[in-house]
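The next block is query_10.csv, given as CSV, C-alpha atoms.
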```
chain,number,residue,atom,x,y,z
A,1,MET,CA,4.6,24.3,22.2
A,2,THR,CA,5.3,22.3,25.4
A,3,TRP,CA,2.4,20.8,27.3
A,4,ASP,CA,2.0,19.1,30.6
A,5,LYS,CA,2.9,15.4,30.2
A,6,ASP,CA,-0.6,14.2,30.7
A,7,VAL,CA,-1.9,16.6,28.0
A,8,SER,CA,0.8,15.7,25.6
A,9,ASP,CA,0.2,12.0,26.1
A,10,LEU,CA,-3.5,12.4,25.6
A,11,ILE,CA,-3.0,14.4,22.3
A,12,ALA,CA,-0.4,11.9,21.0
A,13,ARG,CA,-2.7,8.9,21.6
A,14,TYR,CA,-5.6,10.7,19.9
A,15,LEU,CA,-3.5,11.6,16.9
A,16,HIS,CA,-2.2,8.0,16.7
A,17,ALA,CA,-5.7,6.6,16.8
A,18,VAL,CA,-6.8,9.0,14.0
A,19,SER,CA,-3.8,8.1,11.8
A,20,GLU,CA,-4.6,4.4,12.2
A,21,GLY,CA,-7.8,4.9,10.2
A,22,LEU,CA,-6.0,6.8,7.4
A,23,PRO,CA,-4.1,5.7,4.3
A,24,ARG,CA,-0.4,6.1,4.8
A,25,PRO,CA,0.1,8.9,2.3
A,26,LEU,CA,-2.4,11.1,4.2
A,27,ARG,CA,-1.1,10.4,7.8
A,28,ASP,CA,1.6,13.0,8.1
A,29,ASP,CA,-0.4,15.9,6.6
A,30,VAL,CA,-3.5,15.1,8.5
A,31,THR,CA,-1.6,14.7,11.8
A,32,ARG,CA,0.0,18.1,11.4
A,33,GLU,CA,-3.3,19.8,10.5
A,34,LEU,CA,-5.2,18.1,13.3
A,35,ARG,CA,-2.5,18.9,15.9
A,36,SER,CA,-2.7,22.6,14.9
A,37,LEU,CA,-6.5,22.5,15.3
A,38,ILE,CA,-6.2,20.9,18.7
A,39,GLU,CA,-3.7,23.5,19.9
A,40,ASP,CA,-5.9,26.3,18.7
A,41,LYS,CA,-9.0,24.9,20.4
A,42,LEU,CA,-7.1,24.3,23.6
A,43,GLU,CA,-5.9,27.9,23.7
A,44,ASP,CA,-9.4,29.2,22.9
A,45,ARG,CA,-11.1,27.1,25.5
A,46,ALA,CA,-8.5,27.9,28.2
A,47,GLN,CA,-9.0,31.7,27.6
A,48,THR,CA,-12.8,31.4,27.4
A,49,LEU,CA,-13.1,29.3,30.6
A,50,ALA,CA,-10.2,31.1,32.3
A,51,GLN,CA,-8.6,27.9,33.4
A,52,PRO,CA,-5.2,26.3,32.8
A,53,ILE,CA,-4.7,23.7,30.1
A,54,ASP,CA,-4.8,20.4,31.8
A,55,ALA,CA,-5.8,16.8,31.0
A,56,ALA,CA,-9.5,17.5,31.8
A,57,LEU,CA,-9.6,20.4,29.4
A,58,ALA,CA,-7.7,18.4,26.7
A,59,ALA,CA,-10.2,15.5,27.1
A,60,TYR,CA,-13.1,18.0,26.7
A,61,VAL,CA,-11.6,19.5,23.5
A,62,LEU,CA,-10.8,16.1,22.0
A,63,HIS,CA,-14.2,14.8,22.8
A,64,GLU,CA,-15.6,17.9,21.1
A,65,ILE,CA,-13.6,17.2,17.9
A,66,GLY,CA,-15.0,13.7,17.7
A,67,ARG,CA,-14.2,10.0,17.7
A,68,PRO,CA,-10.9,9.2,16.0
A,69,ALA,CA,-12.6,6.9,13.5
A,70,ASP,CA,-15.1,9.6,12.6
A,71,VAL,CA,-12.4,12.2,12.2
A,72,ALA,CA,-10.3,9.9,10.0
A,73,ARG,CA,-13.4,9.3,7.7
A,74,ARG,CA,-13.7,13.1,7.3
A,75,TYR,CA,-10.2,13.3,5.8
A,76,ASP,CA,-10.3,10.0,3.8
A,77,LEU,CA,-13.0,10.3,1.1
A,78,THR,CA,-12.2,7.0,-0.5
A,79,PRO,CA,-15.4,4.9,-0.9
A,80,GLN,CA,-15.6,2.1,1.7
A,81,TYR,CA,-18.7,0.1,0.9
A,82,LEU,CA,-17.8,-3.6,0.4
A,83,VAL,CA,-17.5,-4.9,4.0
A,84,GLY,CA,-18.1,-1.7,6.0
A,85,PRO,CA,-15.7,1.0,7.1
A,86,ARG,CA,-14.2,-0.8,10.1
A,87,PHE,CA,-12.7,-3.6,8.1
A,88,TYR,CA,-12.4,-2.1,4.6
A,89,PRO,CA,-8.6,-1.3,5.2
A,90,ALA,CA,-8.1,-5.0,6.2
A,91,PHE,CA,-10.0,-6.2,3.1
A,92,MET,CA,-7.9,-4.1,0.7
A,93,ARG,CA,-4.7,-5.3,2.4
A,94,ILE,CA,-5.7,-8.9,2.1
A,95,LEU,CA,-6.5,-8.5,-1.6
A,96,LYS,CA,-3.2,-6.8,-2.3
A,97,ILE,CA,-1.1,-9.3,-0.4
A,98,GLY,CA,-3.0,-12.4,-1.6
A,99,LEU,CA,-3.5,-11.6,-5.3
A,100,ALA,CA,0.1,-10.3,-5.7
A,101,GLY,CA,1.5,-13.4,-3.9
A,102,LEU,CA,-0.7,-15.7,-6.1
A,103,ALA,CA,0.6,-14.0,-9.3
A,104,VAL,CA,4.2,-14.5,-8.2
A,105,MET,CA,3.6,-18.1,-7.1
A,106,LEU,CA,1.8,-19.1,-10.4
A,107,LEU,CA,4.4,-17.4,-12.6
A,108,PHE,CA,7.3,-19.0,-10.8
A,109,SER,CA,5.8,-22.5,-10.8
A,110,THR,CA,4.9,-22.1,-14.5
A,111,LEU,CA,8.4,-21.1,-15.4
A,112,VAL,CA,9.7,-24.1,-13.5
A,113,GLY,CA,7.2,-26.3,-15.2
A,114,GLN,CA,8.2,-25.2,-18.6
A,115,VAL,CA,11.9,-25.7,-17.9
A,116,LEU,CA,11.3,-29.2,-16.5
A,117,SER,CA,8.9,-30.2,-19.3
A,118,PRO,CA,9.6,-33.7,-20.8
A,119,GLN,CA,9.6,-32.0,-24.2
A,120,GLY,CA,12.5,-29.8,-23.0
A,121,PRO,CA,12.5,-26.0,-22.1
A,122,HIS,CA,10.4,-23.9,-24.4
A,123,SER,CA,8.9,-20.5,-24.3
A,124,VAL,CA,6.5,-19.8,-21.4
A,125,TRP,CA,5.0,-16.9,-23.4
A,126,SER,CA,3.0,-18.9,-25.9
A,127,LEU,CA,-0.7,-17.9,-26.2
A,128,ALA,CA,-1.9,-21.2,-24.9
A,129,THR,CA,0.3,-21.1,-21.8
A,130,LEU,CA,-0.6,-17.5,-21.1
A,131,GLY,CA,-4.3,-18.4,-21.5
A,132,ARG,CA,-4.1,-21.3,-19.1
A,133,LEU,CA,-2.1,-19.2,-16.6
A,134,LEU,CA,-4.6,-16.4,-16.6
A,135,THR,CA,-7.5,-18.8,-16.3
A,136,LEU,CA,-5.9,-20.5,-13.3
A,137,TYR,CA,-5.1,-17.1,-11.7
A,138,PHE,CA,-8.7,-15.8,-12.1
A,139,GLN,CA,-10.2,-19.1,-10.8
A,140,ILE,CA,-8.1,-19.1,-7.6
A,141,GLY,CA,-8.3,-15.3,-7.3
A,142,ILE,CA,-12.1,-15.1,-7.5
A,143,SER,CA,-12.3,-17.9,-4.9
A,144,PHE,CA,-9.9,-16.0,-2.6
A,145,PHE,CA,-11.8,-12.7,-3.1
A,146,GLY,CA,-15.1,-14.4,-2.2
A,147,GLN,CA,-13.8,-16.0,0.9
A,148,ALA,CA,-12.2,-12.8,2.1
A,149,VAL,CA,-15.5,-10.9,1.6
A,150,ILE,CA,-17.5,-13.6,3.5
A,151,VAL,CA,-15.1,-13.8,6.4
A,152,LEU,CA,-14.8,-10.0,6.9
A,153,ALA,CA,-18.5,-9.5,6.4
A,154,ILE,CA,-19.1,-12.0,9.3
A,155,LEU,CA,-16.5,-10.4,11.4
A,156,GLU,CA,-18.0,-6.9,10.7
A,157,ARG,CA,-21.5,-8.1,11.8
A,158,THR,CA,-20.4,-10.2,14.8
A,159,LYS,CA,-17.9,-7.7,16.3
A,160,PRO,CA,-19.7,-5.9,19.2
A,161,ALA,CA,-20.7,-2.4,18.1
A,162,GLU,CA,-21.2,-1.1,21.7
A,163,ARG,CA,-18.1,1.1,21.4
A,164,MET,CA,-19.6,2.8,18.3
A,165,THR,CA,-22.9,3.7,20.1
A,166,ARG,CA,-22.1,4.4,23.7
A,167,ASP,CA,-20.6,7.7,24.9
A,168,TRP,CA,-16.8,7.5,24.6
A,169,ASP,CA,-13.9,8.7,26.7
A,170,VAL,CA,-10.7,9.9,25.2
A,171,ARG,CA,-8.8,8.4,28.1
A,172,ASP,CA,-9.8,4.9,26.8
A,173,LEU,CA,-7.6,5.3,23.6
A,174,PRO,CA,-4.9,2.7,23.2
A,175,GLU,CA,-1.4,3.4,24.5
A,176,LEU,CA,1.2,4.5,21.9
A,177,PRO,CA,3.0,1.4,20.6
A,178,ASP,CA,6.4,0.4,22.1
A,179,ALA,CA,9.1,1.2,19.4
A,180,ARG,CA,10.8,-2.1,20.2
A,181,GLU,CA,7.7,-4.1,19.3
A,182,GLU,CA,5.4,-4.2,16.2
A,183,PRO,CA,2.6,-1.7,16.5
A,184,MET,CA,-1.0,-2.8,17.3
A,185,SER,CA,-3.0,-2.2,14.2
A,186,ILE,CA,-6.7,-3.1,14.1
A,187,ALA,CA,-6.6,-3.4,10.3
A,188,GLY,CA,-3.5,-5.6,10.4
A,189,THR,CA,-4.9,-7.8,13.2
A,190,ALA,CA,-8.2,-8.2,11.2
A,191,VAL,CA,-6.1,-9.2,8.2
A,192,GLY,CA,-4.4,-11.9,10.3
A,193,ALA,CA,-7.8,-13.1,11.7
A,194,CYS,CA,-9.2,-13.3,8.2
A,195,LEU,CA,-6.2,-15.2,6.8
A,196,THR,CA,-6.3,-17.6,9.7
A,197,VAL,CA,-9.9,-18.5,8.9
A,198,LEU,CA,-9.2,-18.8,5.2
A,199,VAL,CA,-6.3,-21.2,5.9
A,200,ALA,CA,-8.4,-23.3,8.2
A,201,VAL,CA,-11.2,-23.5,5.5
A,202,TRP,CA,-8.7,-24.3,2.8
A,203,LEU,CA,-6.9,-27.1,4.8
A,204,ASN,CA,-10.0,-28.7,6.1
A,205,PHE,CA,-12.5,-28.5,3.3
A,206,PHE,CA,-10.3,-28.4,0.2
A,207,PRO,CA,-7.3,-30.7,1.2
A,208,ARG,CA,-6.6,-31.6,-2.5
A,209,SER,CA,-6.1,-27.9,-3.3
A,210,VAL,CA,-3.2,-27.8,-0.8
A,211,ALA,CA,-1.0,-28.2,-3.8
A,212,VAL,CA,1.5,-26.8,-6.3
A,213,PHE,CA,-0.3,-25.1,-9.2
A,214,MET,CA,1.4,-24.6,-12.6
A,215,VAL,CA,0.9,-24.6,-16.3
A,216,MET,CA,3.0,-27.4,-18.0
A,217,ASP,CA,2.9,-28.2,-21.7
A,218,ASP,CA,0.0,-25.8,-22.0
A,219,GLN,CA,-2.0,-27.8,-19.5
A,220,SER,CA,-3.0,-26.9,-15.9
A,221,VAL,CA,-1.2,-29.2,-13.5
A,222,VAL,CA,-2.2,-29.5,-9.8
A,223,VAL,CA,0.1,-31.6,-7.6
A,224,PRO,CA,-1.1,-32.0,-4.0
A,225,LEU,CA,1.5,-31.7,-1.3
A,226,SER,CA,0.8,-35.3,-0.2
A,227,ASP,CA,2.3,-36.4,-3.5
A,228,PHE,CA,5.6,-34.9,-2.4
A,229,GLY,CA,5.4,-37.0,0.7
A,230,ILE,CA,4.6,-34.1,3.0
A,231,HIS,CA,2.6,-35.1,6.1
A,232,LEU,CA,0.2,-32.5,7.6
A,233,PRO,CA,-1.0,-33.2,11.2
A,234,MET,CA,-4.4,-31.6,10.8
A,235,LEU,CA,-5.4,-32.0,14.5
A,236,ALA,CA,-2.3,-30.1,15.7
A,237,ILE,CA,-2.7,-27.5,12.9
A,238,ASP,CA,-6.4,-26.9,13.6
A,239,PHE,CA,-5.5,-26.5,17.3
A,240,TRP,CA,-2.9,-23.9,16.5
A,241,LEU,CA,-5.2,-22.0,14.1
A,242,ALA,CA,-8.0,-21.9,16.7
A,243,LEU,CA,-5.6,-20.5,19.3
A,244,ALA,CA,-4.2,-18.0,16.8
A,245,LEU,CA,-7.7,-16.8,15.8
A,246,THR,CA,-8.7,-16.5,19.5
A,247,LEU,CA,-5.7,-14.3,20.2
A,248,LYS,CA,-6.4,-12.0,17.3
A,249,LEU,CA,-10.0,-11.6,18.2
A,250,VAL,CA,-9.0,-10.7,21.8
A,251,MET,CA,-6.5,-8.2,20.5
A,252,ILE,CA,-9.2,-6.6,18.2
A,253,ALA,CA,-11.5,-6.3,21.2
A,254,GLN,CA,-8.8,-4.8,23.5
A,255,ARG,CA,-7.4,-2.6,20.8
A,256,ARG,CA,-4.0,-2.7,22.5
A,257,TRP,CA,-1.1,-5.0,23.4
A,258,THR,CA,-0.9,-6.3,27.0
A,259,GLN,CA,1.7,-8.4,28.7
A,260,THR,CA,-0.7,-11.4,28.5
A,261,THR,CA,-1.2,-11.1,24.7
A,262,ARG,CA,2.5,-10.6,24.1
A,263,TRP,CA,3.4,-13.7,26.0
A,264,ALA,CA,0.5,-15.6,24.4
A,265,GLN,CA,2.1,-14.7,21.0
A,266,VAL,CA,5.4,-16.1,22.2
A,267,GLY,CA,3.7,-19.3,23.1
A,268,LEU,CA,2.0,-19.5,19.7
A,269,GLY,CA,5.4,-19.1,18.1
A,270,PHE,CA,6.9,-22.0,20.0
A,271,LEU,CA,3.8,-24.1,19.3
A,272,ALA,CA,4.2,-23.3,15.6
A,273,ALA,CA,7.8,-24.6,15.7
A,274,ILE,CA,6.6,-27.8,17.3
A,275,VAL,CA,3.9,-28.4,14.6
A,276,LEU,CA,6.5,-27.7,11.9
A,277,PHE,CA,8.9,-30.2,13.6
A,278,ASP,CA,6.1,-32.8,13.5
A,279,ILE,CA,5.6,-32.2,9.8
A,280,VAL,CA,9.3,-32.5,9.1
A,281,ALA,CA,9.7,-35.6,11.3
A,282,HIS,CA,6.8,-37.5,9.6
A,283,SER,CA,7.4,-36.4,6.0
A,284,THR,CA,9.5,-38.2,3.4
A,285,LEU,CA,10.2,-35.9,0.5
A,286,SER,CA,9.7,-37.7,-2.8
A,287,THR,CA,9.3,-36.7,-6.4
A,288,PRO,CA,5.6,-36.9,-7.6
A,289,SER,CA,5.0,-39.1,-10.5
A,290,ALA,CA,3.4,-36.2,-12.4
A,291,MET,CA,6.6,-34.2,-12.2
A,292,PRO,CA,9.6,-36.6,-12.4
A,293,ALA,CA,11.9,-33.8,-13.6
A,294,LEU,CA,11.6,-32.1,-10.1
A,295,VAL,CA,14.1,-34.6,-8.7
A,296,HIS,CA,16.9,-32.1,-9.7
A,297,LEU,CA,15.3,-29.4,-7.5
A,298,LEU,CA,14.4,-31.7,-4.6
A,299,ALA,CA,17.8,-31.7,-2.9
A,300,PRO,CA,18.2,-27.9,-2.5
A,301,LEU,CA,14.5,-27.5,-1.5
A,302,SER,CA,14.8,-30.3,1.1
A,303,VAL,CA,17.4,-28.2,3.0
A,304,LEU,CA,14.9,-25.4,3.4
A,305,PHE,CA,12.1,-27.8,4.3
A,306,TYR,CA,14.0,-29.4,7.1
A,307,ALA,CA,15.2,-26.1,8.4
A,308,MET,CA,11.7,-24.7,8.9
A,309,PRO,CA,11.3,-25.6,12.6
A,310,LEU,CA,14.6,-23.8,13.4
A,311,ILE,CA,13.6,-20.8,11.3
A,312,ALA,CA,10.2,-20.6,13.1
A,313,LEU,CA,12.0,-20.5,16.5
A,314,ILE,CA,13.7,-17.2,15.6
A,315,SER,CA,10.6,-15.0,16.0
A,316,PRO,CA,9.5,-16.2,19.5
A,317,LEU,CA,13.0,-16.0,20.8
A,318,LYS,CA,13.4,-12.4,19.6
A,319,ARG,CA,10.1,-11.6,21.3
A,320,ILE,CA,11.3,-13.1,24.6
A,321,VAL,CA,14.4,-10.9,24.5
A,322,ARG,CA,12.3,-7.8,23.8
A,323,LEU,CA,9.8,-8.6,26.6
A,324,LEU,CA,12.6,-9.3,29.2
A,325,ARG,CA,14.6,-6.2,28.2
A,326,PRO,CA,14.0,-3.3,30.7
A,327,ARG,CA,11.7,-0.7,29.3
A,328,PRO,CA,13.2,2.8,29.0
A,329,ALA,CA,11.7,5.6,31.0
A,330,THR,CA,9.1,7.5,29.0
A,331,ALA,CA,10.3,11.0,28.2
A,332,THR,CA,8.0,13.9,28.5
A,333,ALA,CA,6.3,14.5,25.2
A,334,SER,CA,6.2,17.9,23.6
A,335,ALA,CA,4.1,19.1,20.7
```
Take the structure from the file and write it as structure tokens.
Amino acid sequence: MTWDKDVSDLIARYLHAVSEGLPRPLRDDVTRELRSLIEDKLEDRAQTLAQPIDAALAAYVLHEIGRPADVARRYDLTPQYLVGPRFYPAFMRILKIGLAGLAVMLLFSTLVGQVLSPQGPHSVWSLATLGRLLTLYFQIGISFFGQAVIVLAILERTKPAERMTRDWDVRDLPELPDAREEPMSIAGTAVGACLTVLVAVWLNFFPRSVAVFMVMDDQSVVVPLSDFGIHLPMLAIDFWLALALTLKLVMIAQRRWTQTTRWAQVGLGFLAAIVLFDIVAHSTLSTPSAMPALVHLLAPLSVLFYAMPLIALISPLKRIVRLLRPRPATATASA
């Protein structure tokens, strides 16, 4: 069914806003069902009121159906109690990414530790090694879980709730994301804000835990990055983290990309490359005394270490190309 462009755009934005609050497996089915419901309601209201289907009527029908977040919660019956419904998707994403990454990192570093042990390579699957590995995983994982809950709980309670209580207008929904750019996801941006705070707390209050963790000879080994000769300019890093957190909070408040926030992200990318260049320039890679066998791995790892500033430049340069590329004309949407 073909609609007027303004009507199609309004419906598409509404469906996109609802889908953002749903788990990915439900999005396609719910979107189809909801689109059918909207079409039926539009036809009924147009006949009842004896008026054409225009943007005003579409706004009235969508307002009658309800807020996108409320509609999404009707379809998604998953319990969302820990940090509140607004940031529960972000909380689950943080746990999945963080705990999976922690497991991979600990397993890899433990395998390396066993291979480089002074006693020679031996099985990593001994009960003592597995016990130490699981203990280390749960210790770090519980700390990560607690920090994620605290940060998101604070964000949940400090984020203005005015939008949830005042009368809303369907025309205020975010624009559909540009296919050339990453989509604006409230949950994803909240994940980034939370991780930014966690990294800031980790670097500033637990500097000795900025380290390589592994199980070696059935013992937990923690080697700080400073023992590798890696220099961290904390003032520059804290400045970058503060700017990154500010940008993410602005995006959460605006619920959409703007030219200003896109260019601000480009600037943050270049600033990150400068900070990494400072780290590389003032670091002297060396083998820590606790792990002398790592000297065989230091040469190949140093190539990646010194290439970090150049790798970091790739993302902001790609964003500049996308921002300067002419935007294609928007085609008339059809249902």
note = note - atom CA of Gln47 of chain A and atom CA of Gly66 of chain A are separated by 21.4 Å
query = Which residues come within 10 Å of Ala200 of chain A, counting only C-alpha atoms, excluding same-chain residues fewer than 2 positions away, as a ChimeraX atom specification?
reply = /A:195-198,202-206,234,237-238,240-242
Would you save the residues of that selection, restricted to C-alpha atoms, as a PDB file, in the coordinates of the input?
```pdb
ATOM      1  CA  LEU A 195      -6.200 -15.200   6.800  1.00  0.00           C
ATOM      2  CA  THR A 196      -6.300 -17.600   9.700  1.00  0.00           C
ATOM      3  CA  VAL A 197      -9.900 -18.500   8.900  1.00  0.00           C
ATOM      4  CA  LEU A 198      -9.200 -18.800   5.200  1.00  0.00           C
ATOM      5  CA  TRP A 202      -8.700 -24.300   2.800  1.00  0.00           C
ATOM      6  CA  LEU A 203      -6.900 -27.100   4.800  1.00  0.00           C
ATOM      7  CA  ASN A 204     -10.000 -28.700   6.100  1.00  0.00           C
ATOM      8  CA  PHE A 205     -12.500 -28.500   3.300  1.00  0.00           C
ATOM      9  CA  PHE A 206     -10.300 -28.400   0.200  1.00  0.00           C
ATOM     10  CA  MET A 234      -4.400 -31.600  10.800  1.00  0.00           C
ATOM     11  CA  ILE A 237      -2.700 -27.500  12.900  1.00  0.00           C
ATOM     12  CA  ASP A 238      -6.400 -26.900  13.600  1.00  0.00           C
ATOM     13  CA  TRP A 240      -2.900 -23.900  16.500  1.00  0.00           C
ATOM     14  CA  LEU A 241      -5.200 -22.000  14.100  1.00  0.00           C
ATOM     15  CA  ALA A 242      -8.000 -21.900  16.700  1.00  0.00           C
TER      16      ALA A 242
END
```
ask   = Which is closest to Ala58 of chain A among A:Ser19, A:Ser8, A:Gln265, A:Thr31, if we use only C-alpha atoms?
value =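 With only C-alpha atoms as the atom set, the closest residue is A:Ser8.
Proximity of A:Val170, A:Leu26, A:Ile11, A:Leu304 to Arg67 of chain A, computed with only C-alpha atoms, is greatest for A:Val170.
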query = Between A:Ser185, A:Thr258, A:Ser302, A:Ser286, which has the minimum distance to Glu20 of chain A (counting all atoms listed in the file)?
reply =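 Ranking A:Ser185, A:Thr258, A:Ser302, A:Ser286 by distance to Glu20 of chain A, first place goes to A:Ser185.
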